[in-house]
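This is protein.pdb (PDB, C-alpha atoms).
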```
ATOM      1  CA  MET A   9       0.000   0.000   0.000
ATOM      2  CA  ASP A  10       1.346   3.352  -1.006
ATOM      3  CA  PHE A  11       0.693   6.144   1.504
ATOM      4  CA  SER A  12       3.214   8.542   0.024
ATOM      5  CA  LYS A  13       0.540  10.857  -1.352
ATOM      6  CA  ILE A  14      -0.772  11.291   2.165
ATOM      7  CA  SER A  15       2.538  11.502   3.994
ATOM      8  CA  GLU A  16       3.985  14.003   1.542
ATOM      9  CA  GLN A  17       1.195  16.371   2.518
ATOM     10  CA  LEU A  18       2.260  16.223   6.141
ATOM     11  CA  VAL A  19       4.656  18.918   7.260
ATOM     12  CA  THR A  20       4.158  19.550  10.953
ATOM     13  CA  THR A  21       3.461  17.419  14.021
ATOM     14  CA  GLY A  22       0.300  19.479  14.526
ATOM     15  CA  GLN A  23      -1.058  18.268  11.212
ATOM     16  CA  VAL A  24      -0.122  14.699  12.086
ATOM     17  CA  ASN A  25      -1.904  14.877  15.433
ATOM     18  CA  ASP A  26      -5.032  16.180  13.763
ATOM     19  CA  LEU A  27      -4.917  13.455  11.106
ATOM     20  CA  LEU A  28      -4.272  10.702  13.663
ATOM     21  CA  GLY A  29      -7.320  11.830  15.620
ATOM     22  CA  GLU A  30      -9.464  11.723  12.494
ATOM     23  CA  LEU A  31      -8.107   8.287  11.500
ATOM     24  CA  GLU A  32      -8.841   6.914  14.990
ATOM     25  CA  ASN A  33     -12.441   8.052  14.622
ATOM     26  CA  VAL A  34     -12.699   6.434  11.197
ATOM     27  CA  SER A  35     -11.150   3.269  12.548
ATOM     28  CA  GLU A  36     -13.715   3.102  15.347
ATOM     29  CA  SER A  37     -16.612   3.555  12.932
ATOM     30  CA  ILE A  38     -15.681   0.760  10.469
ATOM     31  CA  TYR A  39     -18.168  -1.731  11.849
ATOM     32  CA  LEU A  40     -20.931   0.747  12.575
ATOM     33  CA  THR A  41     -24.217   0.280  10.701
ATOM     34  CA  GLY A  42     -25.831   2.692   8.302
ATOM     35  CA  ASN A  43     -23.828   5.561   6.848
ATOM     36  CA  LYS A  44     -21.946   6.329  10.036
ATOM     37  CA  PHE A  45     -18.627   5.161   8.565
ATOM     38  CA  SER A  46     -18.917   7.279   5.426
ATOM     39  CA  SER A  47     -20.030  10.315   7.383
ATOM     40  CA  THR A  48     -17.014   9.960   9.695
ATOM     41  CA  LEU A  49     -14.743   9.450   6.705
ATOM     42  CA  LYS A  50     -15.991  12.660   5.174
ATOM     43  CA  LYS A  51     -14.608  14.534   8.127
ATOM     44  CA  ILE A  52     -11.075  13.646   6.984
ATOM     45  CA  ASP A  53      -9.140  16.638   5.682
ATOM     46  CA  ILE A  54      -9.608  17.134   1.968
ATOM     47  CA  ARG A  55      -5.851  16.902   1.359
ATOM     48  CA  TYR A  56      -5.834  13.215   2.321
ATOM     49  CA  TYR A  57      -9.448  12.271   1.638
ATOM     50  CA  THR A  58      -9.265  11.211  -2.029
ATOM     51  CA  THR A  59      -6.145   9.086  -1.567
ATOM     52  CA  LEU A  60      -7.555   7.457   1.560
ATOM     53  CA  VAL A  61     -10.930   6.658  -0.015
ATOM     54  CA  GLY A  62      -9.130   5.067  -2.975
ATOM     55  CA  LEU A  63      -7.090   2.867  -0.678
ATOM     56  CA  LEU A  64     -10.064   1.905   1.488
ATOM     57  CA  GLU A  65     -12.113   0.853  -1.511
ATOM     58  CA  LYS A  66      -9.381  -1.465  -2.833
ATOM     59  CA  ASN A  67      -8.197  -2.986   0.476
ATOM     60  CA  ASP A  68      -9.355  -4.155   3.875
ATOM     61  CA  LYS A  69     -10.397  -0.996   5.702
ATOM     62  CA  LYS A  70      -9.014  -1.966   9.081
ATOM     63  CA  GLU A  71      -5.657  -2.984   7.622
ATOM     64  CA  VAL A  72      -5.379   0.250   5.611
ATOM     65  CA  LEU A  73      -6.097   2.413   8.631
ATOM     66  CA  GLU A  74      -3.746   0.458  10.930
ATOM     67  CA  LYS A  75      -0.873   0.594   8.453
ATOM     68  CA  LEU A  76      -1.451   4.269   7.700
ATOM     69  CA  ILE A  77      -1.506   5.161  11.394
ATOM     70  CA  GLU A  78       1.671   3.125  11.941
ATOM     71  CA  GLU A  79       3.449   4.741   9.006
ATOM     72  CA  ILE A  80       2.522   8.247  10.090
ATOM     73  CA  LYS A  81       3.617   7.565  13.640
ATOM     74  CA  ASN A  82       6.990   6.390  12.383
ATOM     75  CA  ILE A  83       7.824   9.572  10.508
ATOM     76  CA  PRO A  84      10.804  11.138  12.350
ATOM     77  CA  VAL A  85      10.420  14.590  13.893
ATOM     78  CA  VAL A  86      12.766  17.572  13.749
ATOM     79  CA  ASN A  87      12.193  19.989  16.636
ATOM     80  CA  VAL A  88      12.909  23.605  15.749
ATOM     81  CA  SER A  89      12.853  26.358  18.363
ATOM     82  CA  LEU A  90      12.569  29.969  17.201
ATOM     83  CA  SER A  91      11.820  33.390  18.606
ATOM     84  CA  PHE A  92       8.928  33.695  16.133
ATOM     85  CA  TYR A  93       6.297  31.576  14.478
ATOM     86  CA  PRO A  94       7.177  31.250  10.790
ATOM     87  CA  SER A  95       4.495  31.285   8.149
ATOM     88  CA  PHE A  96       3.278  27.952   6.817
ATOM     89  CA  GLN A  97       4.992  28.682   3.500
ATOM     90  CA  ILE A  98       8.327  28.945   5.255
ATOM     91  CA  VAL A  99       7.642  25.723   7.172
ATOM     92  CA  GLU A 100       6.821  23.943   3.956
ATOM     93  CA  LYS A 101      10.078  25.177   2.411
ATOM     94  CA  MET A 102      11.868  24.020   5.513
ATOM     95  CA  SER A 103      10.262  20.602   5.222
ATOM     96  CA  ASP A 104      11.448  20.279   1.612
ATOM     97  CA  TRP A 105      14.911  21.407   2.569
ATOM     98  CA  LEU A 106      15.108  18.891   5.421
ATOM     99  CA  GLU A 107      13.797  16.048   3.263
ATOM    100  CA  GLU A 108      16.452  16.809   0.717
ATOM    101  CA  SER A 109      19.228  17.123   3.279
ATOM    102  CA  LEU A 110      18.285  14.055   5.295
ATOM    103  CA  GLY A 111      17.152  11.962   2.365
ATOM    104  CA  LYS A 112      13.873  11.108   4.045
ATOM    105  CA  LYS A 113      10.527  12.539   5.006
ATOM    106  CA  VAL A 114      10.469  14.321   8.368
ATOM    107  CA  LEU A 115       7.907  16.235  10.342
ATOM    108  CA  ILE A 116       8.624  19.630  11.850
ATOM    109  CA  SER A 117       7.682  20.639  15.351
ATOM    110  CA  ILE A 118       7.932  24.387  15.930
ATOM    111  CA  LYS A 119       8.425  25.747  19.423
ATOM    112  CA  ASN A 120       8.473  29.434  20.313
ATOM    113  CA  LYS A 121      11.300  30.652  22.535
ATOM    114  CA  GLN A 122      11.499  34.415  22.531
ATOM    115  CA  GLU A 123      14.782  34.516  24.378
ATOM    116  CA  LEU A 124      16.508  32.956  21.357
ATOM    117  CA  PHE A 125      16.158  36.242  19.515
ATOM    118  CA  THR A 126      17.965  35.573  16.210
ATOM    119  CA  LYS A 127      19.205  32.117  17.183
ATOM    120  CA  VAL A 128      17.645  28.845  16.135
ATOM    121  CA  GLU A 129      17.726  25.569  18.080
ATOM    122  CA  ILE A 130      17.449  22.300  16.181
ATOM    123  CA  GLU A 131      16.976  18.920  17.813
ATOM    124  CA  TYR A 132      16.816  15.682  15.886
ATOM    125  CA  LYS A 133      17.091  12.110  17.107
ATOM    126  CA  GLY A 134      18.830  13.098  20.344
ATOM    127  CA  LYS A 135      21.217  15.553  18.667
ATOM    128  CA  TYR A 136      21.073  19.257  19.426
ATOM    129  CA  ILE A 137      22.524  22.387  17.832
ATOM    130  CA  LYS A 138      22.060  26.111  18.350
ATOM    131  CA  CYS A 139      22.883  28.311  15.380
TER
ATOM    132  CA  MET B   9      91.868  41.335 189.602
ATOM    133  CA  ALA B  10      91.998  38.007 191.240
ATOM    134  CA  LYS B  11      92.348  34.942 189.097
ATOM    135  CA  SER B  12      89.611  32.415 189.302
ATOM    136  CA  PHE B  13      90.315  28.898 190.433
ATOM    137  CA  LEU B  14      89.919  27.602 186.993
ATOM    138  CA  GLU B  15      92.353  30.233 185.803
ATOM    139  CA  GLU B  16      94.728  29.105 188.363
ATOM    140  CA  LEU B  17      94.342  25.450 187.430
ATOM    141  CA  LEU B  18      94.025  25.681 183.731
ATOM    142  CA  PRO B  19      95.690  28.911 182.562
ATOM    143  CA  HIS B  20      96.312  27.539 179.212
ATOM    144  CA  GLN B  21      92.720  26.500 178.761
ATOM    145  CA  VAL B  22      91.570  29.930 179.823
ATOM    146  CA  VAL B  23      93.641  31.481 177.109
ATOM    147  CA  THR B  24      92.287  29.045 174.628
ATOM    148  CA  GLN B  25      88.821  29.677 175.819
ATOM    149  CA  LYS B  26      89.354  33.347 175.434
ATOM    150  CA  GLU B  27      90.725  32.863 172.099
ATOM    151  CA  LEU B  28      87.833  30.626 171.301
ATOM    152  CA  LEU B  29      85.423  33.243 172.520
ATOM    153  CA  LYS B  30      87.233  35.788 170.561
ATOM    154  CA  ALA B  31      87.119  33.572 167.526
ATOM    155  CA  HIS B  32      83.545  32.833 168.166
ATOM    156  CA  ALA B  33      82.726  36.470 168.366
ATOM    157  CA  LYS B  34      84.679  37.061 165.233
ATOM    158  CA  ALA B  35      82.914  34.186 163.550
ATOM    159  CA  GLN B  36      79.633  35.552 164.741
ATOM    160  CA  LYS B  37      80.580  38.859 163.241
ATOM    161  CA  ILE B  38      81.570  37.206 159.997
ATOM    162  CA  ILE B  39      78.430  35.158 159.921
ATOM    163  CA  LYS B  40      76.367  38.194 160.696
ATOM    164  CA  ARG B  41      78.128  40.129 158.006
ATOM    165  CA  ALA B  42      77.798  37.238 155.607
ATOM    166  CA  SER B  43      74.211  36.812 156.498
ATOM    167  CA  LYS B  44      73.661  40.497 155.989
ATOM    168  CA  LYS B  45      75.459  40.311 152.706
ATOM    169  CA  ALA B  46      73.514  37.251 151.767
ATOM    170  CA  ASN B  47      70.322  39.047 152.625
ATOM    171  CA  GLN B  48      71.460  41.958 150.608
ATOM    172  CA  ILE B  49      72.267  39.643 147.736
ATOM    173  CA  LEU B  50      68.939  37.943 148.149
ATOM    174  CA  ILE B  51      67.135  41.237 148.203
ATOM    175  CA  GLN B  52      69.138  42.393 145.269
ATOM    176  CA  SER B  53      68.559  39.106 143.555
ATOM    177  CA  ASN B  54      64.892  39.307 144.254
ATOM    178  CA  PHE B  55      64.829  42.835 142.974
ATOM    179  CA  PHE B  56      66.881  41.837 140.007
ATOM    180  CA  HIS B  57      64.587  38.918 139.399
ATOM    181  CA  LYS B  58      61.613  41.209 139.587
ATOM    182  CA  SER B  59      63.295  43.751 137.412
ATOM    183  CA  LEU B  60      64.358  41.052 134.970
ATOM    184  CA  LYS B  61      60.883  39.629 134.923
ATOM    185  CA  GLU B  62      59.493  43.064 134.288
ATOM    186  CA  SER B  63      62.105  43.784 131.703
ATOM    187  CA  LEU B  64      61.454  40.449 130.018
ATOM    188  CA  ARG B  65      57.728  41.068 130.111
ATOM    189  CA  GLN B  66      58.240  44.481 128.603
ATOM    190  CA  GLU B  67      60.599  43.098 126.001
ATOM    191  CA  LEU B  68      58.176  40.331 125.267
ATOM    192  CA  LYS B  69      55.388  42.861 125.055
ATOM    193  CA  ASP B  70      57.519  45.021 122.770
ATOM    194  CA  ALA B  71      58.510  42.014 120.702
ATOM    195  CA  ILE B  72      54.893  40.932 120.398
ATOM    196  CA  GLY B  73      53.921  44.486 119.578
ATOM    197  CA  LYS B  74      56.660  44.706 116.997
ATOM    198  CA  SER B  75      55.693  41.307 115.636
ATOM    199  CA  VAL B  76      52.073  42.326 115.431
ATOM    200  CA  GLN B  77      53.068  45.553 113.751
ATOM    201  CA  ALA B  78      55.381  43.706 111.402
ATOM    202  CA  TYR B  79      52.691  41.147 110.761
ATOM    203  CA  GLN B  80      50.122  43.872 110.144
ATOM    204  CA  LYS B  81      52.545  45.639 107.858
ATOM    205  CA  GLU B  82      53.339  42.426 106.042
ATOM    206  CA  LEU B  83      49.642  41.668 105.882
ATOM    207  CA  GLU B  84      48.902  45.105 104.495
ATOM    208  CA  ILE B  85      51.699  44.769 101.953
ATOM    209  CA  GLY B  86      50.472  41.279 101.127
ATOM    210  CA  ILE B  87      46.888  42.447 100.729
ATOM    211  CA  LYS B  88      47.994  45.451  98.701
ATOM    212  CA  LYS B  89      50.143  43.216  96.528
ATOM    213  CA  SER B  90      47.318  40.708  96.187
ATOM    214  CA  LEU B  91      44.948  43.491  95.256
ATOM    215  CA  VAL B  92      47.400  44.809  92.698
ATOM    216  CA  ASP B  93      47.944  41.281  91.373
ATOM    217  CA  LEU B  94      44.213  40.706  91.307
ATOM    218  CA  GLN B  95      43.692  44.002  89.551
ATOM    219  CA  GLU B  96      46.341  43.010  87.032
ATOM    220  CA  ILE B  97      44.729  39.613  86.541
ATOM    221  CA  ILE B  98      41.279  41.174  86.146
ATOM    222  CA  LYS B  99      42.717  43.828  83.851
ATOM    223  CA  LYS B 100      44.442  41.149  81.775
ATOM    224  CA  GLN B 101      41.346  38.987  81.778
ATOM    225  CA  LEU B 102      39.225  41.957  80.754
ATOM    226  CA  LYS B 103      41.687  42.827  78.021
ATOM    227  CA  ASP B 104      41.724  39.208  76.828
ATOM    228  CA  ASN B 105      37.945  39.067  76.890
ATOM    229  CA  GLN B 106      37.723  42.381  75.106
ATOM    230  CA  GLU B 107      40.190  41.192  72.460
ATOM    231  CA  PHE B 108      38.333  37.901  72.145
ATOM    232  CA  LEU B 109      35.029  39.709  71.742
ATOM    233  CA  GLN B 110      36.540  42.201  69.327
ATOM    234  CA  ASN B 111      37.999  39.383  67.253
ATOM    235  CA  LYS B 112      34.741  37.462  67.347
ATOM    236  CA  THR B 113      32.799  40.572  66.404
ATOM    237  CA  LYS B 114      35.252  41.327  63.619
ATOM    238  CA  GLU B 115      34.987  37.733  62.413
ATOM    239  CA  GLN B 116      31.189  37.814  62.562
ATOM    240  CA  TRP B 117      31.097  41.181  60.882
ATOM    241  CA  LYS B 118      33.389  39.958  58.128
ATOM    242  CA  ARG B 119      31.158  36.917  57.622
ATOM    243  CA  ILE B 120      28.048  39.110  57.560
ATOM    244  CA  GLU B 121      29.737  41.495  55.142
ATOM    245  CA  LYS B 122      30.745  38.576  52.925
ATOM    246  CA  ASP B 123      27.254  37.073  53.059
ATOM    247  CA  LEU B 124      25.803  40.472  52.301
ATOM    248  CA  THR B 125      28.203  41.018  49.408
ATOM    249  CA  ASP B 126      27.486  37.530  48.069
ATOM    250  CA  TYR B 127      23.767  38.096  48.467
ATOM    251  CA  LYS B 128      24.007  41.499  46.766
ATOM    252  CA  GLN B 129      26.106  40.030  43.980
ATOM    253  CA  GLN B 130      23.725  37.131  43.550
ATOM    254  CA  LYS B 131      20.728  39.443  43.545
ATOM    255  CA  LYS B 132      22.510  41.742  41.107
ATOM    256  CA  LEU B 133      23.277  38.806  38.827
ATOM    257  CA  GLU B 134      19.691  37.644  39.076
ATOM    258  CA  ALA B 135      18.432  41.158  38.390
ATOM    259  CA  ASP B 136      20.889  41.554  35.501
ATOM    260  CA  LYS B 137      19.820  38.226  34.081
ATOM    261  CA  MET B 138      16.167  39.105  34.498
ATOM    262  CA  MET B 139      16.774  42.493  32.934
ATOM    263  CA  GLU B 140      18.674  40.902  30.088
ATOM    264  CA  THR B 141      15.916  38.338  29.536
ATOM    265  CA  GLU B 142      13.270  41.035  29.680
ATOM    266  CA  MET B 143      15.276  43.281  27.385
ATOM    267  CA  ARG B 144      15.862  40.419  24.989
ATOM    268  CA  LYS B 145      12.180  39.590  25.160
ATOM    269  CA  LEU B 146      11.216  43.186  24.549
ATOM    270  CA  VAL B 147      13.736  43.700  21.773
ATOM    271  CA  SER B 148      12.862  40.314  20.357
ATOM    272  CA  GLU B 149       9.147  41.065  20.457
ATOM    273  CA  THR B 150       9.618  44.476  18.892
ATOM    274  CA  PHE B 151      12.284  43.399  16.465
ATOM    275  CA  ILE B 152      10.706  40.105  15.480
ATOM    276  CA  LYS B 153       7.286  41.663  15.042
ATOM    277  CA  ALA B 154       8.785  44.211  12.723
ATOM    278  CA  MET B 155      10.858  41.627  10.878
ATOM    279  CA  PRO B 156       9.586  40.888   7.367
ATOM    280  CA  GLU B 157       8.833  37.281   6.410
ATOM    281  CA  SER B 158      11.720  37.269   3.948
ATOM    282  CA  MET B 159      14.140  38.074   6.722
ATOM    283  CA  LYS B 160      12.644  35.395   8.963
ATOM    284  CA  GLU B 161      13.079  32.884   6.147
ATOM    285  CA  LYS B 162      16.642  34.021   5.591
ATOM    286  CA  LEU B 163      17.405  33.697   9.295
ATOM    287  CA  LEU B 164      15.946  30.222   9.469
ATOM    288  CA  PHE B 165      17.663  28.877   6.392
ATOM    289  CA  GLU B 166      20.974  30.392   7.404
ATOM    290  CA  ALA B 167      20.678  28.441  10.655
ATOM    291  CA  LEU B 168      19.793  25.241   8.799
ATOM    292  CA  GLU B 169      22.699  25.695   6.380
ATOM    293  CA  SER B 170      25.042  26.369   9.288
ATOM    294  CA  ALA B 171      23.880  23.183  11.037
ATOM    295  CA  LYS B 172      24.339  21.250   7.821
ATOM    296  CA  LYS B 173      27.832  22.706   7.417
ATOM    297  CA  ASP B 174      28.659  21.543  10.959
ATOM    298  CA  GLY B 175      27.602  18.029   9.965
ATOM    299  CA  PHE B 176      24.496  18.022  12.137
ATOM    300  CA  PHE B 177      22.415  16.126   9.598
ATOM    301  CA  LYS B 178      25.120  13.552   8.852
ATOM    302  CA  ASN B 179      25.171   9.998  10.222
ATOM    303  CA  ILE B 180      21.680  10.091  11.662
TER
END
```

In structure tokens, what does this structure look like?
Amino acid sequence: MDFSKISEQLVTTGQVNDLLGELENVSESIYLTGNKFSSTLKKIDIRYYTTLVGLLEKNDKKEVLEKLIEEIKNIPVVNVSLSFYPSFQIVEKMSDWLEESLGKKVLISIKNKQELFTKVEIEYKGKYIKC
Amino acid sequence: MAKSFLEELLPHQVVTQKELLKAHAKAQKIIKRASKKANQILIQSNFFHKSLKESLRQELKDAIGKSVQAYQKELEIGIKKSLVDLQEIIKKQLKDNQEFLQNKTKEQWKRIEKDLTDYKQQKKLEADKMMETEMRKLVSETFIKAMPESMKEKLLFEALESAKKDGFFKNI
């Protein structure tokens, strides 16, 4: 199963948390009668909806959701601390830059630390740097 | 004068008797004189004894008096000396105590001064740090708010490039 179209949409841990919450709800409604499943599924963010529906139609729903949740949870996270909140466009650029530099998809977690002023703290897999 | 019969018969004895009487009288005289002398000596002796006794008593009295005086004097000197010694000891003790207290006070004062200085320094450092943080926060808030998005992007990517240059993203 290819989830790349979904995971490539993910940039921040905030987005991932939102998606995981939605997927959990969908997962819980699989065996519900009537149109409860489809109505829950419709609540999924439009960015992932089409891809997810396609996968669910072709495969076992429970398996798709479990594997997707697992894959999303396994995406590594880069923690970035800044004195400001960057715009989403900048975060997206940052995500592309990190994917290119690390050779893999990563999520970004932004933390605001005003005392850093013009400095930036980066933490990834137990490593830390302040630039 | 007619000689008595006995004188007639024993002339020699009469002479002897006379001589004896004479001697007796002489002896009596001597004895009397000796007795008188003895009495005189006795009287004198008695007087002397009395006088000696008196003299001895007086001397004894004087000696006792002198001794008492000497003792009193010695006692006075001793007491005076003891008082002086005691005064010296008290003076020394007071001085020692004063020095001890002064040293202790100095020591305590030094400690208090040091604690106070340390406390001041610590508080100053804390205040400086707080001021610095607040200033940074203020400057940061003002500066960052006014910073255009392009500059924020530049700042962020410069940091990422610097981390990459330092090999931060290698071997992970």

**Request:** Pick out the chain B residues within 6 Å of chain A. Count all atoms listed in the file. Give them as a list in words.
**Result:**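 Contact residues on the first chain: Lys145, Ser148 and Ala167 of chain B.
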
With C-alpha atoms retained, export the selected residues as a tab-separated table (two decimals), keeping the file's coordinate frame.
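File part30.tsv, as written:
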```tsv
chain	number	residue	atom	x	y	z
B	145	LYS	CA	12.18	39.59	25.16
B	148	SER	CA	12.86	40.31	20.36
B	167	ALA	CA	20.68	28.44	10.66
```

Centre, x/y/z edge lengths, axis-aligned box for region 77-93 of chain A with 4 Å per side, as JSON:
```
{"center_x": 5.7, "center_y": 18.4, "center_z": 13.8, "size_x": 22.4, "size_y": 38.6, "size_z": 17.6}
```

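The gap separating CA of Glu32 (chain A) from CA of Leu76 (chain A) is 10.7 Å, in Å to one decimal.
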
**Asked** What is the CA of Glu79 (chain A)-CA of Phe177 (chain B) distance in Å, reported with one decimal?
**Response** 22.1 Å

**Request:** Output the residue selection produced by the PyMOL selection byres ((chain A and resi 52) around 10) on the file above, formatted as a PyMOL selection string.
**Result:** chain A and resi 26-31+33-34+47-51+53-58+60-61

**Request:** Could you jot down the CA of Met159 (chain B) to CA of Val147 (chain B) separation for me, Å, one decimal place?
**Result:**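 Computed distance, CA of Met159 (chain B) to CA of Val147 (chain B), equals 16.1 Å.
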
**Message:** Nearest residue to Glu157 (chain B) out of A:Ile80, A:Thr59, A:Phe96, A:Met9, using only C-alpha atoms?
**Reply:**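 Closest to Glu157 (chain B) of all the choices is A:Phe96.
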
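Picked out by the PyMOL selection byres ((chain A and resi 15) around 10) when it runs on this file: Asp10, Phe11, Ser12, Lys13, Ile14, Glu16, Gln17, Leu18, Val19, Val24, Tyr56, Leu76, Glu79, Ile80, Ile83, Lys113, Val114 and Leu115 of chain A.
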